[in-house]
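S.K.: Sharing run37.txt, compact mmCIF, C-alpha atoms and all ligand atoms:
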```
# COMPACT_ATOMS: atom_id res chain seq x y z
CA MET R 211 0.00 0.00 0.00
CA ALA R 212 1.54 3.36 -1.03
CA SER R 213 1.44 6.29 1.35
CA ALA R 214 3.11 9.67 1.79
CA SER R 215 6.16 7.94 3.26
CA ASN R 216 6.26 5.07 0.82
CA ARG R 217 5.87 6.50 -2.64
CA PRO R 218 6.70 5.33 -6.16
CA ILE R 219 10.16 6.34 -7.38
CA SER R 220 8.95 8.78 -10.05
CA ARG R 221 7.84 11.37 -7.49
CA GLU R 222 10.10 14.40 -6.87
CA ALA R 223 12.47 14.33 -3.91
CA SER R 224 11.18 16.23 -0.91
CA HIS R 225 13.16 18.83 1.03
CA MET R 226 15.62 18.00 3.79
CA HIS R 227 14.47 18.74 7.29
CA SER R 228 16.72 21.09 9.23
CA ASP R 229 15.95 20.28 12.86
CA THR R 230 18.12 17.88 14.81
CA ALA R 231 18.29 16.34 18.25
CA SER R 232 22.07 15.92 18.22
CA ALA R 233 24.69 18.53 19.00
CA PRO R 234 26.51 20.34 17.54
CA THR R 235 23.82 21.70 15.28
CA PRO R 236 25.12 23.41 12.15
CA VAL R 237 23.43 26.41 10.61
CA VAL R 238 21.42 24.88 7.80
CA THR R 239 20.07 26.81 4.88
CA ALA R 240 16.74 25.73 3.43
CA SER R 241 17.56 23.91 0.23
CA ALA R 242 16.45 21.06 -1.98
CA ALA R 243 17.68 17.54 -1.21
CA PRO R 244 21.11 16.93 -2.77
CA VAL R 245 21.28 15.45 -6.24
CA TRP R 246 23.15 12.12 -6.07
CA ASP R 247 25.38 10.60 -8.75
CA PRO R 248 25.30 6.77 -8.45
CA GLN R 249 28.20 6.35 -10.87
CA GLN R 250 30.47 8.64 -8.85
CA TYR R 251 29.34 7.00 -5.60
CA LEU R 252 30.09 3.49 -6.89
CA ARG R 253 33.68 4.44 -7.85
CA HIS R 254 34.67 3.54 -4.27
CA ALA R 255 32.21 0.67 -3.83
CA GLY R 256 34.84 -1.67 -2.36
CA HIS R 257 35.77 0.53 0.59
CA ARG R 258 32.16 1.66 1.07
CA THR R 259 30.85 -1.93 1.17
CA ARG R 260 33.35 -3.25 3.72
CA PRO R 261 31.59 -1.73 6.81
CA PHE R 262 28.27 -3.18 5.65
CA LEU R 263 29.83 -6.65 5.48
CA ASP R 264 31.24 -6.12 8.98
CA LEU R 265 27.78 -5.07 10.20
CA LEU R 266 26.16 -8.14 8.59
CA THR R 267 28.40 -10.52 10.53
CA ARG R 268 26.98 -9.19 13.83
CA ILE R 269 23.28 -9.45 12.89
CA PRO R 270 21.71 -12.51 14.60
CA GLU R 271 19.39 -14.98 12.87
CA LEU R 272 15.99 -13.48 12.05
CA PRO R 273 12.74 -14.66 13.64
CA THR R 274 10.81 -15.70 10.50
CA THR R 275 11.52 -17.36 7.16
CA PRO R 276 11.11 -15.97 4.60
CA ALA R 277 12.25 -12.80 6.32
CA ARG R 278 10.88 -9.34 5.62
CA ILE R 279 13.70 -6.76 5.42
CA ALA R 280 13.90 -2.97 4.90
CA ASP R 281 17.12 -1.19 3.87
CA LEU R 282 16.89 2.51 4.75
CA GLY R 283 18.83 4.87 2.47
CA CYS R 284 19.67 2.03 0.08
CA GLY R 285 21.50 4.17 -2.50
CA PRO R 286 22.36 2.28 -5.71
CA GLY R 287 21.21 -1.01 -4.16
CA ASN R 288 24.50 -2.91 -4.28
CA VAL R 289 24.62 -3.41 -0.52
CA THR R 290 20.86 -4.12 -0.42
CA ALA R 291 21.53 -7.02 -2.77
CA LEU R 292 24.03 -8.47 -0.28
CA LEU R 293 21.15 -9.04 2.14
CA ALA R 294 19.81 -11.65 -0.28
CA ASP R 295 23.08 -13.58 -0.01
CA ARG R 296 22.59 -13.94 3.75
CA TRP R 297 18.77 -14.41 3.63
CA PRO R 298 18.14 -15.96 0.19
CA GLN R 299 14.36 -16.28 0.55
CA ALA R 300 13.80 -12.84 2.04
CA ARG R 301 11.51 -10.16 0.65
CA ILE R 302 13.68 -7.06 0.73
CA THR R 303 12.76 -3.42 0.06
CA GLY R 304 15.31 -0.64 -0.26
CA PHE R 305 14.01 2.85 0.52
CA ASP R 306 15.69 6.07 -0.59
CA LEU R 307 14.95 9.75 -1.19
CA SER R 308 17.05 10.17 -4.34
CA PRO R 309 15.37 9.44 -7.69
CA GLU R 310 18.82 8.99 -9.26
CA MET R 311 19.83 6.34 -6.72
CA LEU R 312 16.46 4.57 -6.96
CA ARG R 313 16.66 4.42 -10.75
CA ARG R 314 20.10 2.82 -10.58
CA ALA R 315 19.08 0.39 -7.81
CA THR R 316 15.95 -0.70 -9.69
CA GLN R 317 17.82 -1.12 -12.97
CA ASP R 318 20.67 -3.15 -11.45
CA HIS R 319 19.04 -5.17 -8.67
CA ALA R 320 15.20 -5.25 -8.62
CA GLY R 321 13.40 -8.53 -9.16
CA PRO R 322 13.46 -12.14 -7.99
CA THR R 323 16.63 -13.24 -6.18
CA PRO R 324 18.42 -16.57 -6.88
CA GLY R 325 17.29 -18.09 -3.56
CA GLY R 326 13.59 -17.53 -4.25
CA GLY R 327 13.29 -14.14 -2.54
CA HIS R 328 12.50 -10.75 -4.02
CA LEU R 329 14.14 -7.32 -4.08
CA ASP R 330 12.40 -4.01 -4.78
CA PHE R 331 12.94 -0.31 -4.17
CA GLY R 332 10.68 2.54 -3.11
CA HIS R 333 10.78 6.25 -2.49
CA ALA R 334 10.76 7.37 1.14
CA ASP R 335 12.04 10.26 3.22
CA LEU R 336 13.50 8.64 6.33
CA ALA R 337 12.73 11.79 8.30
CA ASP R 338 9.13 10.78 7.86
CA TRP R 339 9.21 6.98 7.36
CA HIS R 340 6.56 5.11 9.29
CA PRO R 341 6.72 1.34 8.70
CA GLU R 342 3.40 0.04 7.42
CA GLU R 343 4.11 -3.61 8.08
CA SER R 344 6.19 -5.78 10.42
CA TYR R 345 9.85 -6.42 9.67
CA ASP R 346 12.34 -9.05 10.78
CA LEU R 347 15.21 -6.69 10.01
CA ILE R 348 15.51 -2.96 9.46
CA VAL R 349 19.01 -2.06 8.34
CA SER R 350 20.76 1.10 7.21
CA ASN R 351 24.28 1.66 5.90
CA ALA R 352 25.89 5.10 5.75
CA ALA R 353 22.59 6.94 5.39
CA LEU R 354 21.24 8.09 8.77
CA GLN R 355 23.81 10.92 9.02
CA TRP R 356 21.66 12.66 6.39
CA VAL R 357 18.55 12.37 8.55
CA PRO R 358 18.19 14.97 11.29
CA ASN R 359 16.70 13.58 14.47
CA HIS R 360 16.94 9.95 13.28
CA PRO R 361 17.21 8.77 16.93
CA GLY R 362 13.70 10.19 17.37
CA SER R 363 12.45 7.45 15.01
CA PHE R 364 14.11 4.53 16.81
CA ALA R 365 11.13 3.75 19.06
CA ALA R 366 8.72 3.52 16.11
CA TRP R 367 11.15 1.43 14.06
CA ILE R 368 11.74 -1.00 16.95
CA THR R 369 7.97 -1.24 17.43
CA ALA R 370 7.66 -2.27 13.78
CA LEU R 371 10.02 -5.22 14.32
CA ARG R 372 8.65 -8.69 14.94
CA PRO R 373 9.63 -10.13 18.35
CA GLY R 374 13.27 -11.18 18.05
CA GLY R 375 13.79 -8.87 15.06
CA THR R 376 16.79 -6.56 14.64
CA PHE R 377 17.50 -2.93 13.79
CA ALA R 378 21.11 -2.51 12.64
CA PHE R 379 22.98 0.44 11.19
CA GLN R 380 26.39 1.83 10.36
CA ILE R 381 26.93 5.59 10.36
CA PRO R 382 30.10 7.58 9.57
CA GLY R 383 31.71 9.16 12.64
CA ASN R 384 34.35 11.18 10.83
CA PHE R 385 32.87 14.66 10.77
CA THR R 386 35.81 16.18 12.61
CA ALA R 387 38.30 14.64 10.14
CA PRO R 388 40.31 17.15 8.04
CA SER R 389 38.31 16.23 4.89
CA HIS R 390 35.04 17.28 6.48
CA ARG R 391 36.30 20.12 8.66
CA MET R 392 37.99 21.76 5.68
CA LEU R 393 34.85 21.40 3.60
CA ALA R 394 32.77 23.07 6.31
CA ASP R 395 35.35 25.85 6.72
CA LEU R 396 35.49 26.49 2.99
CA CYS R 397 31.70 26.73 2.71
CA ASP R 398 31.69 29.24 5.54
CA ALA R 399 34.60 31.32 4.16
CA PRO R 400 33.56 34.89 3.27
CA ARG R 401 33.94 34.28 -0.49
CA TRP R 402 31.53 31.31 -0.43
CA ARG R 403 29.33 32.06 2.56
CA ASP R 404 26.53 33.76 0.63
CA ARG R 405 25.97 30.70 -1.52
CA LEU R 406 27.15 27.83 0.65
CA ALA R 407 26.98 28.71 4.35
CA GLY R 408 26.07 25.59 6.31
CA HIS R 409 26.32 23.20 3.36
CA GLY R 410 29.65 21.70 4.39
CA ALA R 411 28.29 20.64 7.77
CA ARG R 412 24.60 20.18 7.11
CA TYR R 413 24.70 16.41 7.47
CA VAL R 414 26.27 16.31 10.93
CA HIS R 415 23.47 14.60 12.78
CA ILE R 416 25.17 11.73 14.57
CA LEU R 417 25.37 10.66 18.20
CA GLU R 418 28.39 9.11 19.88
CA PRO R 419 28.47 5.29 20.36
CA ALA R 420 27.61 5.49 24.08
CA GLU R 421 24.57 7.61 23.29
CA TYR R 422 23.27 5.14 20.71
CA LEU R 423 23.82 2.32 23.19
CA ALA R 424 21.83 4.19 25.85
CA ARG R 425 18.94 4.83 23.45
CA PHE R 426 18.54 1.15 22.57
CA THR R 427 18.96 0.00 26.15
CA GLU R 428 16.16 2.38 27.14
CA LEU R 429 14.01 0.79 24.43
CA GLY R 430 14.54 -2.64 26.00
CA CYS R 431 16.77 -4.07 23.26
CA ALA R 432 19.78 -6.34 23.53
CA VAL R 433 22.39 -4.06 22.03
CA ASP R 434 25.84 -4.26 20.47
CA VAL R 435 27.58 -0.97 19.63
CA TRP R 436 31.14 -0.45 18.42
CA GLU R 437 33.31 1.78 16.28
CA THR R 438 36.10 1.13 13.79
CA THR R 439 38.51 3.42 11.98
CA TYR R 440 39.31 1.99 8.54
CA HIS R 441 42.70 3.09 7.23
CA GLN R 442 41.65 3.12 3.62
CA LEU R 443 44.36 3.13 0.98
CA LEU R 444 43.02 5.01 -2.04
CA ALA R 445 44.56 4.93 -5.52
CA GLY R 446 44.87 7.59 -8.22
CA PRO R 447 45.34 11.36 -8.19
CA ASP R 448 43.33 13.39 -5.63
CA PRO R 449 41.47 10.30 -4.42
CA VAL R 450 39.99 11.95 -1.31
CA LEU R 451 38.39 14.61 -3.50
CA ASP R 452 37.10 11.84 -5.75
CA TRP R 453 35.65 10.08 -2.68
CA VAL R 454 33.80 13.10 -1.28
CA LYS R 455 32.44 14.02 -4.73
CA GLY R 456 30.22 10.95 -4.23
CA THR R 457 28.94 11.92 -0.78
CA ALA R 458 29.85 14.94 1.38
CA LEU R 459 30.20 17.27 -1.63
CA ARG R 460 26.72 16.47 -3.01
CA PRO R 461 25.00 19.43 -1.26
CA VAL R 462 27.68 21.85 -2.51
CA LEU R 463 27.61 20.51 -6.08
CA THR R 464 23.81 20.62 -6.01
CA GLU R 465 23.77 24.20 -4.78
CA LEU R 466 26.33 25.43 -7.34
CA GLY R 467 24.47 23.47 -10.03
CA ASP R 468 25.27 24.53 -13.60
CA ASP R 469 27.62 27.35 -12.57
CA LYS R 470 30.69 25.57 -13.94
CA GLU R 471 33.07 28.41 -13.18
CA ALA R 472 32.04 28.38 -9.50
CA VAL R 473 32.24 24.57 -9.31
CA ASP R 474 35.76 24.60 -10.79
CA ARG R 475 36.88 27.37 -8.45
CA PHE R 476 35.46 25.66 -5.36
CA LEU R 477 36.95 22.28 -6.29
CA ALA R 478 40.37 23.85 -6.97
CA GLU R 479 40.44 25.39 -3.48
CA TYR R 480 39.24 22.24 -1.78
CA ARG R 481 41.63 20.04 -3.81
CA GLU R 482 44.61 22.08 -2.67
CA ALA R 483 43.61 21.78 0.99
CA LEU R 484 43.03 18.02 0.66
CA ARG R 485 46.43 17.49 -1.00
CA ALA R 486 48.13 19.08 2.00
CA ALA R 487 46.10 17.06 4.54
CA TYR R 488 46.31 13.72 2.68
CA PRO R 489 49.64 13.59 0.80
CA PRO R 490 50.08 10.60 -1.50
CA GLY R 491 52.42 7.86 -0.27
CA PRO R 492 54.37 5.28 -2.29
CA ARG R 493 51.37 2.89 -2.37
CA GLY R 494 48.50 5.34 -2.44
CA THR R 495 46.79 7.88 -0.21
CA VAL R 496 45.72 6.89 3.31
CA PHE R 497 42.22 8.18 4.10
CA PRO R 498 41.28 7.18 7.68
CA PHE R 499 37.54 6.84 8.14
CA ARG R 500 35.79 6.31 11.48
CA ARG R 501 32.48 4.48 11.46
CA ILE R 502 29.98 3.70 14.23
CA PHE R 503 27.92 0.50 14.30
CA ALA R 504 24.81 -0.49 16.25
CA VAL R 505 22.86 -3.74 16.34
CA ALA R 506 19.70 -3.67 18.50
CA ARG R 507 17.64 -6.85 18.94
CA LYS R 508 14.05 -6.66 20.12
CA GLU R 509 13.06 -9.09 22.85
CA ALA R 510 11.70 -12.35 21.42
C1 LIG R 601 26.13 7.48 1.36
S1 LIG R 601 24.70 6.85 0.55
C2 LIG R 601 24.59 5.18 1.20
C3 LIG R 601 23.94 4.26 0.20
C4 LIG R 601 23.91 2.77 0.60
N1 LIG R 601 23.22 2.54 1.84
C5 LIG R 601 25.31 2.20 0.68
O1 LIG R 601 25.70 1.77 1.76
O2 LIG R 601 26.00 2.19 -0.34
C6 LIG R 601 23.43 7.70 1.44
C7 LIG R 601 22.05 7.47 0.86
O3 LIG R 601 21.10 8.02 1.77
C8 LIG R 601 20.05 8.58 1.02
N2 LIG R 601 19.34 9.56 1.85
C9 LIG R 601 19.80 10.72 2.34
N3 LIG R 601 18.84 11.35 3.04
C10 LIG R 601 17.75 10.56 2.98
C11 LIG R 601 16.43 10.66 3.50
N4 LIG R 601 16.05 11.71 4.24
N5 LIG R 601 15.55 9.68 3.24
C12 LIG R 601 15.93 8.60 2.48
N6 LIG R 601 17.17 8.45 1.97
C13 LIG R 601 18.06 9.42 2.21
C14 LIG R 601 20.76 9.21 -0.16
O4 LIG R 601 19.87 9.48 -1.21
C15 LIG R 601 21.81 8.16 -0.48
O5 LIG R 601 21.34 7.23 -1.41
```
Could you express the structure from this file as C-alpha cells?
Ligand SMILES: C[S@@+](CC[C@H](N)C(=O)[O-])C[C@H]1O[C@@H](n2cnc3c(N)ncnc32)[C@H](O)[C@@H]1O
M.R.:
Amino acid sequence: MASASNRPISREASHMHSDTASAPTPVVTASAAPVWDPQQYLRHAGHRTRPFLDLLTRIPELPTTPARIADLGCGPGNVTALLADRWPQARITGFDLSPEMLRRATQDHAGPTPGGGHLDFGHADLADWHPEESYDLIVSNAALQWVPNHPGSFAAWITALRPGGTFAFQIPGNFTAPSHRMLADLCDAPRWRDRLAGHGARYVHILEPAEYLARFTELGCAVDVWETTYHQLLAGPDPVLDWVKGTALRPVLTELGDDKEAVDRFLAEYREALRAAYPPGPRGTVFPFRRIFAVARKEA
C-alpha cells in the first residue's frame, strides 16, 4: 500500500528537514535535497561496502523465514543485494529519497533473487518513514547521518520489528576529520558564505556510540555498539576529492548546479587543501575513516 512515506520512485524528492536532536547543530540553509550521482558514488564501492559486510556478521538470525527486510537509504542497491546472499528467501525493500539512486538500484538489482526471494525499491524520506508492516530486520548503511533527528524514530522502528527482530545500522563518525572540517570551513569562508553557508556541515546529525547504546537500552533491546577506523588506501590522483564528490560534496555541487566556473573554483580550493592534509604515499593515499555501528535486537 503506497502512502506519503512510501511513494513510487517517479515522485520528486522532498526537502531535507533542518531540525536535529544531536549537537553540535550546524546552521542549515533551506535547500532542496542533494542530487546524487550513483556512478560517482560506486567508484569507491569496495571501501564503502566493507563496513556493511562487517555489520552483517553481527546481525543474529531473524525470527521468521522468509524474512521481511527494509534497507533505509539504500542508495544504488548494491549493498541491499548483499542481504539476499545472507537471507536468500527474504523479501527485501530498499528505501531512498534520491530518484537517481532509486533508478540505478531498480535497474541493477530489482526482481526475484536466486534463492527464491524478491528485491524491490521505493521512495521514502527517512525523516518521515513510518513502517506500514512488520519487519524481521531494518538495516541502514551510511545513510542516517543525512537524517536529522533519526534517533527520534528509533522507538517507532523497533515497534515495527517482529519479536526477536533486529535494527542494525552503520553511520560515519568522521565529521571532525580534516576532509570534512575543511569542507565546512570552505563553505563558511567569506567568499563562499553567501551561496554555501552551512552546506559543508549540514549532514552532521550523529550521536556518539555510548549515546546510541543508551537509546537502545532504554528501548529494551539487547544491544551491540562499536566503532572502527578503517585506514583506507586510495589509488589515483586526488582520491579523497574523488571520494567526497560521491557523498559529502553532493549538497555543494547541487547548490552550485550549472555554474561551472564556481564549481571549478570551489573544487580547486578544496583540492589544494586536501592534497596538504592527505599527501600521496608510495602505495596510495591513506584516508582514515571512522564508522559507528549499532545492532539492536528486540526481545523475542
Ligand atoms: C552514502 S549513501 C549510502 C547508500 C547505501 N546505503 C550504501 O551503503 O552504499 C546515502 C544514501 O542516503 C540517502 N538519503 C539521504 N537522506 C535521505 C532521507 N532523508 N531519506 C531517504 N534516503 C536518504 C541518499 O539518497 C543516499 O542514497
S.K.: If we count all atoms listed in the file, what is near stretch 435-448 of chain R at a cut-off of 7 Å, once residues fewer than 3 positions away on the same chain are taken out, given as a list in words?
M.R.: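 Residues near the query, excluding close chain neighbours: Pro419, Leu423, Leu451, Asp452, Arg485, Gly494, Thr495, Val496, Phe497, Pro498, Phe499, Arg500, Arg501, Ile502, Phe503, Ala504 and Val505 of chain R.
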S.K.: Tell me which of R:Thr303, R:Thr275, R:Ser344, R:Gln355 sits closest to ligand LIG 601 (chain R), counting only C-alpha atoms and all ligand atoms.
M.R.: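 For ligand LIG 601 (chain R), the nearest of the candidates is R:Gln355.
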S.K.: Put a box with edges along x, y and z around all the listed atoms of stretch 416-430 of chain R, pad it by 3 Å on each side, then give me its centre and sizes in Å, one decimal, as AutoDock Vina command-line options.
M.R.:
```
--center_x 21.2 --center_y 4.5 --center_z 20.9 --size_x 20.5 --size_y 20.4 --size_z 18.6
```
S.K.: What does the distance between atom CA of R:Pro461 and atom CA of R:Gly410 come to in Å, to one decimal place?
M.R.: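 Going from atom CA of R:Pro461 over to atom CA of R:Gly410, I get 7.7 Å.
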S.K.: One decimal, Å: what's the distance from atom CA of R:Val462 over to atom CA of R:Val245, could you say?
M.R.: 9.8 Å
S.K.: Atom CA of R:Glu482 and atom O4 of ligand LIG 601 (chain R), how far apart in Å?
M.R.: 27.8 Å
S.K.: Taking 5 positions as the minimum chain separation for residues in the same chain, which residues sit within 12 Å of R:Arg268 when counting all atoms listed in the file? Answer as a list in words.
M.R.: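 With the cut-off at 12 Å, the set is Pro261, Phe262, Leu263, Arg296, Thr376, Phe377, Ala378, Phe379, Gln380, Val433, Asp434, Val435, Trp436, Phe503, Ala504, Val505, Ala506 and Arg507 of chain R.
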S.K.: Enumerate residues in contact with ligand LIG 601 (chain R): an atom-to-atom distance of at most 6 Å, counting all atoms listed in the file. Format the result as a PyMOL selection string.
M.R.: chain R and resi 283-285+289+306-308+311+334-337+351-353+356-357+457
S.K.: I want to know what sits within 10 Å of R:Thr323, based on all atoms listed in the file, with residues of the same chain fewer than 4 positions away left out; could you give that as a ChimeraX atom specification?
M.R.: /R:291,294-295,298-302,319,327-329
S.K.: Which residue is closest to R:Val473? Choose from R:Leu459, R:Leu266, R:Ala243, R:Leu417 and count only C-alpha atoms.
M.R.: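 Answer, going by the shortest atom-to-atom distance: R:Leu459.
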S.K.: Would you mind writing stretch 308-334 of chain R with N, CA and C atoms, as an mmCIF file, in the frame of the given file?
M.R.:
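Output file part.cif follows:
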```
data_model
loop_
_atom_site.group_PDB
_atom_site.id
_atom_site.type_symbol
_atom_site.label_atom_id
_atom_site.label_comp_id
_atom_site.auth_asym_id
_atom_site.auth_seq_id
_atom_site.Cartn_x
_atom_site.Cartn_y
_atom_site.Cartn_z
ATOM 1 N N SER R 308 16.465 9.658 -3.093
ATOM 2 C CA SER R 308 17.050 10.170 -4.340
ATOM 3 C C SER R 308 16.510 9.405 -5.555
ATOM 4 N N PRO R 309 15.848 10.112 -6.478
ATOM 5 C CA PRO R 309 15.370 9.440 -7.690
ATOM 6 C C PRO R 309 16.510 8.836 -8.498
ATOM 7 N N GLU R 310 17.681 9.505 -8.476
ATOM 8 C CA GLU R 310 18.820 8.990 -9.260
ATOM 9 C C GLU R 310 19.284 7.654 -8.685
ATOM 10 N N MET R 311 19.406 7.593 -7.362
ATOM 11 C CA MET R 311 19.830 6.340 -6.720
ATOM 12 C C MET R 311 18.788 5.240 -6.954
ATOM 13 N N LEU R 312 17.515 5.586 -6.813
ATOM 14 C CA LEU R 312 16.460 4.570 -6.960
ATOM 15 C C LEU R 312 16.413 4.013 -8.388
ATOM 16 N N ARG R 313 16.640 4.895 -9.358
ATOM 17 C CA ARG R 313 16.660 4.420 -10.750
ATOM 18 C C ARG R 313 17.766 3.387 -10.940
ATOM 19 N N ARG R 314 18.947 3.713 -10.417
ATOM 20 C CA ARG R 314 20.100 2.820 -10.580
ATOM 21 C C ARG R 314 19.857 1.486 -9.838
ATOM 22 N N ALA R 315 19.330 1.599 -8.610
ATOM 23 C CA ALA R 315 19.080 0.390 -7.810
ATOM 24 C C ALA R 315 18.066 -0.513 -8.511
ATOM 25 N N THR R 316 17.005 0.087 -9.035
ATOM 26 C CA THR R 316 15.950 -0.700 -9.690
ATOM 27 C C THR R 316 16.502 -1.369 -10.943
ATOM 28 N N GLN R 317 17.250 -0.586 -11.717
ATOM 29 C CA GLN R 317 17.820 -1.120 -12.970
ATOM 30 C C GLN R 317 18.782 -2.290 -12.697
ATOM 31 N N ASP R 318 19.612 -2.149 -11.676
ATOM 32 C CA ASP R 318 20.670 -3.150 -11.450
ATOM 33 C C ASP R 318 20.237 -4.332 -10.585
ATOM 34 N N HIS R 319 19.243 -4.132 -9.697
ATOM 35 C CA HIS R 319 19.040 -5.170 -8.670
ATOM 36 C C HIS R 319 17.594 -5.598 -8.428
ATOM 37 N N ALA R 320 16.590 -4.885 -8.963
ATOM 38 C CA ALA R 320 15.200 -5.250 -8.620
ATOM 39 C C ALA R 320 14.789 -6.567 -9.271
ATOM 40 N N GLY R 321 13.939 -7.298 -8.575
ATOM 41 C CA GLY R 321 13.400 -8.530 -9.160
ATOM 42 C C GLY R 321 13.601 -9.723 -8.254
ATOM 43 N N PRO R 322 13.286 -10.910 -8.782
ATOM 44 C CA PRO R 322 13.460 -12.140 -7.990
ATOM 45 C C PRO R 322 14.939 -12.353 -7.686
ATOM 46 N N THR R 323 15.242 -12.943 -6.543
ATOM 47 C CA THR R 323 16.630 -13.240 -6.180
ATOM 48 C C THR R 323 16.868 -14.750 -6.367
ATOM 49 N N PRO R 324 18.126 -15.169 -6.542
ATOM 50 C CA PRO R 324 18.420 -16.570 -6.880
ATOM 51 C C PRO R 324 17.869 -17.572 -5.861
ATOM 52 N N GLY R 325 17.740 -17.151 -4.590
ATOM 53 C CA GLY R 325 17.290 -18.090 -3.560
ATOM 54 C C GLY R 325 15.778 -18.155 -3.411
ATOM 55 N N GLY R 326 15.049 -17.487 -4.313
ATOM 56 C CA GLY R 326 13.590 -17.530 -4.250
ATOM 57 C C GLY R 326 12.977 -16.320 -3.559
ATOM 58 N N GLY R 327 13.794 -15.366 -3.158
ATOM 59 C CA GLY R 327 13.290 -14.140 -2.540
ATOM 60 C C GLY R 327 12.996 -13.067 -3.583
ATOM 61 N N HIS R 328 12.814 -11.852 -3.097
ATOM 62 C CA HIS R 328 12.500 -10.750 -4.020
ATOM 63 C C HIS R 328 13.061 -9.449 -3.479
ATOM 64 N N LEU R 329 13.521 -8.602 -4.427
ATOM 65 C CA LEU R 329 14.140 -7.320 -4.080
ATOM 66 C C LEU R 329 13.402 -6.209 -4.804
ATOM 67 N N ASP R 330 12.959 -5.175 -4.083
ATOM 68 C CA ASP R 330 12.400 -4.010 -4.780
ATOM 69 C C ASP R 330 12.811 -2.728 -4.059
ATOM 70 N N PHE R 331 12.474 -1.599 -4.676
ATOM 71 C CA PHE R 331 12.940 -0.310 -4.170
ATOM 72 C C PHE R 331 11.798 0.688 -4.191
ATOM 73 N N GLY R 332 11.763 1.566 -3.190
ATOM 74 C CA GLY R 332 10.680 2.540 -3.110
ATOM 75 C C GLY R 332 11.167 3.873 -2.569
ATOM 76 N N HIS R 333 10.429 4.901 -2.928
ATOM 77 C CA HIS R 333 10.780 6.250 -2.490
ATOM 78 C C HIS R 333 10.289 6.493 -1.071
ATOM 79 N N ALA R 334 11.175 7.000 -0.212
ATOM 80 C CA ALA R 334 10.760 7.370 1.140
ATOM 81 C C ALA R 334 11.728 8.411 1.683
#
```
